[in-house]
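Everything on this sheet refers to the single structure shown next.
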Amino acid sequence: MRLAGKVALVTGAASGMGAATARLFAREGAKVVIADVMEHEGEQVANAIGPAALFQRLDVTDEANWADVVAATVRHFGHLTILVNNAGVSGSAEQDLYSTDAWHRIMGINATGVFLGLKYGVKAIADSGGGSIVNLSSIAGIIGSEGIHMAYNASKAAVRLMTKSVAVQHAKDGIRCNSVHPGIMPAMRTSGRTAEPEVRAKRMNVIPMRRPGEVDEVAYAILFLASDESSYITGSEIHVDGGAIAI
Ligand SMILES: NC(=O)c1ccc[n+]([C@@H]2O[C@H](COP(=O)([O-])OP(=O)(O)OC[C@H]3O[C@@H](n4cnc5c(N)ncnc54)[C@H](O)[C@@H]3O)[C@@H](O)[C@H]2O)c1
């Protein structure tokens, strides 16, 4: 088992890639905290995994909530060794691509939410003697996108660079930190235009592999970075995008 003895906290684990990651981690021997604002769906993911999983309601924008959930993780499972900052919202449902409200909301969840996770996660992982942090960015954190509020690109670029900051600042604490950059995946719950079939079909033409990714294809990249198999990899990034930004 690739994660035997590890304790992981996965944000946004009630849905999509977060849920796939939590299930894969549990299959590989980890204890997993399913952290999400969606209580019903999060409980369902945790119940399907069984005693190796614990659901915790977490709004990643709420600092006090982060402190409580990290403390509850350590109380329940003994320590924290892996953090996956995966929770996020899309920028493709906005009508006004210059909405200031949307800027604050998207940056709040996708960028500040990750910063707060790092603030509480780094300390808990250092206290347990070290571990691995994986942050979900996107190819939209590296290149610009049509029809998406630029807060999405900016927030995912912030995630990419916060990752490298933690890698540089906390290697001494035994903490590795890397980012994963999915390309075109099953639509997010909050997707707008990018969920429309004709928009998706058009975007396939610029992907060398000519197909969208599957959630498990991202989960396996996260698993590798979370496990000790990647013990000399930090501050790095894996693009899981069918070659989209290799062009
Ligand atoms: N789906 C894609 O095409 C795609 C591509 C690249 C990157 N990503 C990124 O991957 C990650 C996972 O996306 P997904 O496709 O699984 O989307 P999803 O919508 O299925 O899942 C996102 C999860 O985050 C949770 N969430 C949202 N706001 C939250 C908050 N304030 N606090 C806690 N949880 C919150 C949601 O409840 C949901 O469970 C996101 O960070 C997303 O930006 C997605």
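As shown in the structure tokens, the chain order sets the letters A, B, ...; within each chain, residues go from 1, and ligands are also counted from 1 in the order they appear.
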
Residues near Ala244 in chain A, anyone? I mean within 10 Å using only C-alpha atoms, not counting same-chain ones fewer than 4 positions away, as a PDB file with N, CA, C and O atoms, in the first residue's frame.
```pdb
ATOM      1  N   ILE A 139      -4.207  24.165 -15.702  1.00  0.00           N
ATOM      2  CA  ILE A 139      -3.443  24.766 -16.806  1.00  0.00           C
ATOM      3  C   ILE A 139      -3.807  26.249 -16.915  1.00  0.00           C
ATOM      4  O   ILE A 139      -3.021  27.050 -17.409  1.00  0.00           O
ATOM      5  N   PRO A 182      -4.606  20.151 -13.744  1.00  0.00           N
ATOM      6  CA  PRO A 182      -5.471  19.450 -14.694  1.00  0.00           C
ATOM      7  C   PRO A 182      -5.802  20.339 -15.887  1.00  0.00           C
ATOM      8  O   PRO A 182      -5.804  21.574 -15.793  1.00  0.00           O
ATOM      9  N   GLY A 183      -6.101  19.694 -17.013  1.00  0.00           N
ATOM     10  CA  GLY A 183      -6.565  20.414 -18.204  1.00  0.00           C
ATOM     11  C   GLY A 183      -8.074  20.328 -18.269  1.00  0.00           C
ATOM     12  O   GLY A 183      -8.765  20.706 -17.331  1.00  0.00           O
ATOM     13  N   ILE A 184      -8.608  19.806 -19.367  1.00  0.00           N
ATOM     14  CA  ILE A 184     -10.067  19.722 -19.512  1.00  0.00           C
ATOM     15  C   ILE A 184     -10.550  18.401 -18.914  1.00  0.00           C
ATOM     16  O   ILE A 184     -10.206  17.318 -19.381  1.00  0.00           O
ATOM     17  N   ARG A 203     -12.892  22.853 -27.577  1.00  0.00           N
ATOM     18  CA  ARG A 203     -11.635  22.836 -26.813  1.00  0.00           C
ATOM     19  C   ARG A 203     -10.862  21.521 -27.034  1.00  0.00           C
ATOM     20  O   ARG A 203      -9.642  21.497 -26.900  1.00  0.00           O
ATOM     21  N   MET A 204     -11.586  20.438 -27.359  1.00  0.00           N
ATOM     22  CA  MET A 204     -10.910  19.154 -27.601  1.00  0.00           C
ATOM     23  C   MET A 204      -9.925  19.249 -28.762  1.00  0.00           C
ATOM     24  O   MET A 204      -8.932  18.538 -28.802  1.00  0.00           O
ATOM     25  N   ASN A 205     -10.243  20.139 -29.742  1.00  0.00           N
ATOM     26  CA  ASN A 205      -9.389  20.246 -30.928  1.00  0.00           C
ATOM     27  C   ASN A 205      -7.988  20.728 -30.611  1.00  0.00           C
ATOM     28  O   ASN A 205      -7.077  20.537 -31.411  1.00  0.00           O
ATOM     29  N   VAL A 206      -7.825  21.393 -29.468  1.00  0.00           N
ATOM     30  CA  VAL A 206      -6.476  21.900 -29.149  1.00  0.00           C
ATOM     31  C   VAL A 206      -5.756  20.989 -28.149  1.00  0.00           C
ATOM     32  O   VAL A 206      -4.684  21.325 -27.659  1.00  0.00           O
ATOM     33  N   ILE A 207      -6.339  19.829 -27.887  1.00  0.00           N
ATOM     34  CA  ILE A 207      -5.679  18.870 -26.989  1.00  0.00           C
ATOM     35  C   ILE A 207      -5.069  17.753 -27.827  1.00  0.00           C
ATOM     36  O   ILE A 207      -5.801  17.055 -28.548  1.00  0.00           O
ATOM     37  N   PRO A 208      -3.740  17.582 -27.786  1.00  0.00           N
ATOM     38  CA  PRO A 208      -3.134  16.531 -28.602  1.00  0.00           C
ATOM     39  C   PRO A 208      -3.799  15.158 -28.431  1.00  0.00           C
ATOM     40  O   PRO A 208      -3.948  14.416 -29.399  1.00  0.00           O
ATOM     41  N   MET A 209      -4.236  14.817 -27.218  1.00  0.00           N
ATOM     42  CA  MET A 209      -4.852  13.501 -27.006  1.00  0.00           C
ATOM     43  C   MET A 209      -6.327  13.472 -27.398  1.00  0.00           C
ATOM     44  O   MET A 209      -6.964  12.401 -27.342  1.00  0.00           O
ATOM     45  N   ARG A 210      -6.905  14.634 -27.765  1.00  0.00           N
ATOM     46  CA  ARG A 210      -8.277  14.727 -28.325  1.00  0.00           C
ATOM     47  C   ARG A 210      -9.365  14.143 -27.425  1.00  0.00           C
ATOM     48  O   ARG A 210     -10.372  13.624 -27.925  1.00  0.00           O
ATOM     49  N   HIS A 239       1.483  18.486 -15.045  1.00  0.00           N
ATOM     50  CA  HIS A 239       0.353  18.852 -15.900  1.00  0.00           C
ATOM     51  C   HIS A 239      -0.368  17.565 -16.284  1.00  0.00           C
ATOM     52  O   HIS A 239       0.243  16.668 -16.879  1.00  0.00           O
ATOM     53  N   VAL A 240      -1.654  17.485 -15.957  1.00  0.00           N
ATOM     54  CA  VAL A 240      -2.444  16.303 -16.320  1.00  0.00           C
ATOM     55  C   VAL A 240      -3.462  16.783 -17.333  1.00  0.00           C
ATOM     56  O   VAL A 240      -4.620  17.059 -17.015  1.00  0.00           O
TER      57      VAL A 240
END
```

Self-check item: Residues within 8 Å of range 144-159 of chain A, only C-alpha atoms, excluding chain neighbours under 2 positions, as a list in words
Solution: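 Residues meeting the cut-off are Ser90, Gly91, Ser92, Ala93, Glu94, Asp96, Leu97, Tyr98, Ala102, Trp103, Ile106, Met107, Asn110, Ala111, Val114, Asn135, Leu136, Ser137, Ser138, Ala140, Gly141, Ile142, Leu161, Met162, Thr163, Ser179 and Arg193 of chain A.
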
Going by DSSP on the backbone, which bits of range 87-236 of chain A are strand (DSSP E)? Write them as an mmCIF file with N, CA and C atoms, in the first residue's frame, please.
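And here is the file that came out, selection_13.cif:
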```cif
data_model
loop_
_atom_site.group_PDB
_atom_site.id
_atom_site.type_symbol
_atom_site.label_atom_id
_atom_site.label_comp_id
_atom_site.auth_asym_id
_atom_site.auth_seq_id
_atom_site.Cartn_x
_atom_site.Cartn_y
_atom_site.Cartn_z
ATOM 1 N N GLY A 131 5.936 15.723 5.839
ATOM 2 C CA GLY A 131 4.940 15.098 4.970
ATOM 3 C C GLY A 131 4.863 15.814 3.637
ATOM 4 N N SER A 132 3.703 15.697 3.000
ATOM 5 C CA SER A 132 3.564 16.188 1.629
ATOM 6 C C SER A 132 2.284 17.007 1.467
ATOM 7 N N ILE A 133 2.407 18.123 0.748
ATOM 8 C CA ILE A 133 1.239 18.952 0.415
ATOM 9 C C ILE A 133 1.105 18.976 -1.102
ATOM 10 N N VAL A 134 -0.128 18.755 -1.576
ATOM 11 C CA VAL A 134 -0.396 18.833 -3.012
ATOM 12 C C VAL A 134 -1.494 19.866 -3.215
ATOM 13 N N ASN A 135 -1.221 20.850 -4.054
ATOM 14 C CA ASN A 135 -2.187 21.917 -4.325
ATOM 15 C C ASN A 135 -2.734 21.767 -5.745
ATOM 16 N N LEU A 136 -4.069 21.873 -5.872
ATOM 17 C CA LEU A 136 -4.694 21.799 -7.190
ATOM 18 C C LEU A 136 -4.711 23.170 -7.820
ATOM 19 N N ILE A 175 8.865 19.033 4.832
ATOM 20 C CA ILE A 175 7.617 19.162 4.070
ATOM 21 C C ILE A 175 7.921 19.380 2.598
ATOM 22 N N ARG A 176 7.331 18.542 1.738
ATOM 23 C CA ARG A 176 7.392 18.750 0.296
ATOM 24 C C ARG A 176 6.072 19.362 -0.148
ATOM 25 N N CYS A 177 6.110 20.183 -1.196
ATOM 26 C CA CYS A 177 4.886 20.834 -1.661
ATOM 27 C C CYS A 177 4.942 20.944 -3.179
ATOM 28 N N ASN A 178 3.953 20.394 -3.845
ATOM 29 C CA ASN A 178 3.917 20.367 -5.311
ATOM 30 C C ASN A 178 2.507 20.712 -5.799
ATOM 31 N N SER A 179 2.415 21.106 -7.071
ATOM 32 C CA SER A 179 1.095 21.424 -7.624
ATOM 33 C C SER A 179 0.749 20.487 -8.778
ATOM 34 N N VAL A 180 -0.553 20.273 -8.941
ATOM 35 C CA VAL A 180 -1.085 19.466 -10.038
ATOM 36 C C VAL A 180 -1.963 20.384 -10.884
ATOM 37 N N HIS A 181 -1.802 20.288 -12.209
ATOM 38 C CA HIS A 181 -2.484 21.199 -13.141
ATOM 39 C C HIS A 181 -3.342 20.409 -14.121
ATOM 40 N N PRO A 182 -4.606 20.151 -13.744
ATOM 41 C CA PRO A 182 -5.471 19.450 -14.694
ATOM 42 C C PRO A 182 -5.802 20.339 -15.887
#
```

- Task: Step by step, measure atom-to-atom distances between ligand 1 and each residue using only C-alpha atoms and all ligand atoms, keep those at most 6 Å, then write them as a PyMOL selection string.
- Result: chain A and resi 11-18+36-38+58-61+86-90+109+136-138+182-190

Nearest to Ser231 in chain A, restricted to only C-alpha atoms and choosing among A:Gly5, A:Ala26, A:Gly174, A:Leu116, comes out as A:Gly174

If we count only C-alpha atoms, what is near Ala221 in chain A at a cut-off of 8 Å, once residues fewer than 3 positions away on the same chain are taken out, given as a PyMOL selection string?
chain A and resi 180+217-218+224-225+238+240

Between A:Glu237, A:Asp101, A:Asp228, A:Asp216, smallest distance to Lys6 in chain A by only C-alpha atoms belongs to A:Asp228

Name all residues at most 10 Å from Glu63 in chain A (count only C-alpha atoms; drop same-chain ones fewer than 4 positions away) and give them as a list in words. Leu58, Asp59, Ala67, Asp68, Thr112, Gly113, Phe115, Leu116, Gly117, Lys119 and Tyr120 of chain A

**Asked** Could you pull out all residues of range 33-184 of chain A with a DSSP call of helix (DSSP H, G or I) and give them as number ranges by chain?
**Response** A: 39-49, 63-77, 100-127, 139-141, 150-173

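The list of residues with at least one atom within 10 Å of Ala124 in chain A, based on only C-alpha atoms and without residues fewer than 2 positions apart in the same chain, reads Val70, Ala71, Thr73, Val74, His79, Leu80, Thr81, Ile82, Leu83, Leu118, Lys119, Tyr120, Gly121, Val122, Ala126, Asp127, Ser128, Gly129, Gly130 and Gly131 of chain A.
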
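We find CA of Ser99 in chain A and CA of Gly192 in chain A to be spaced 15.2 Å apart.
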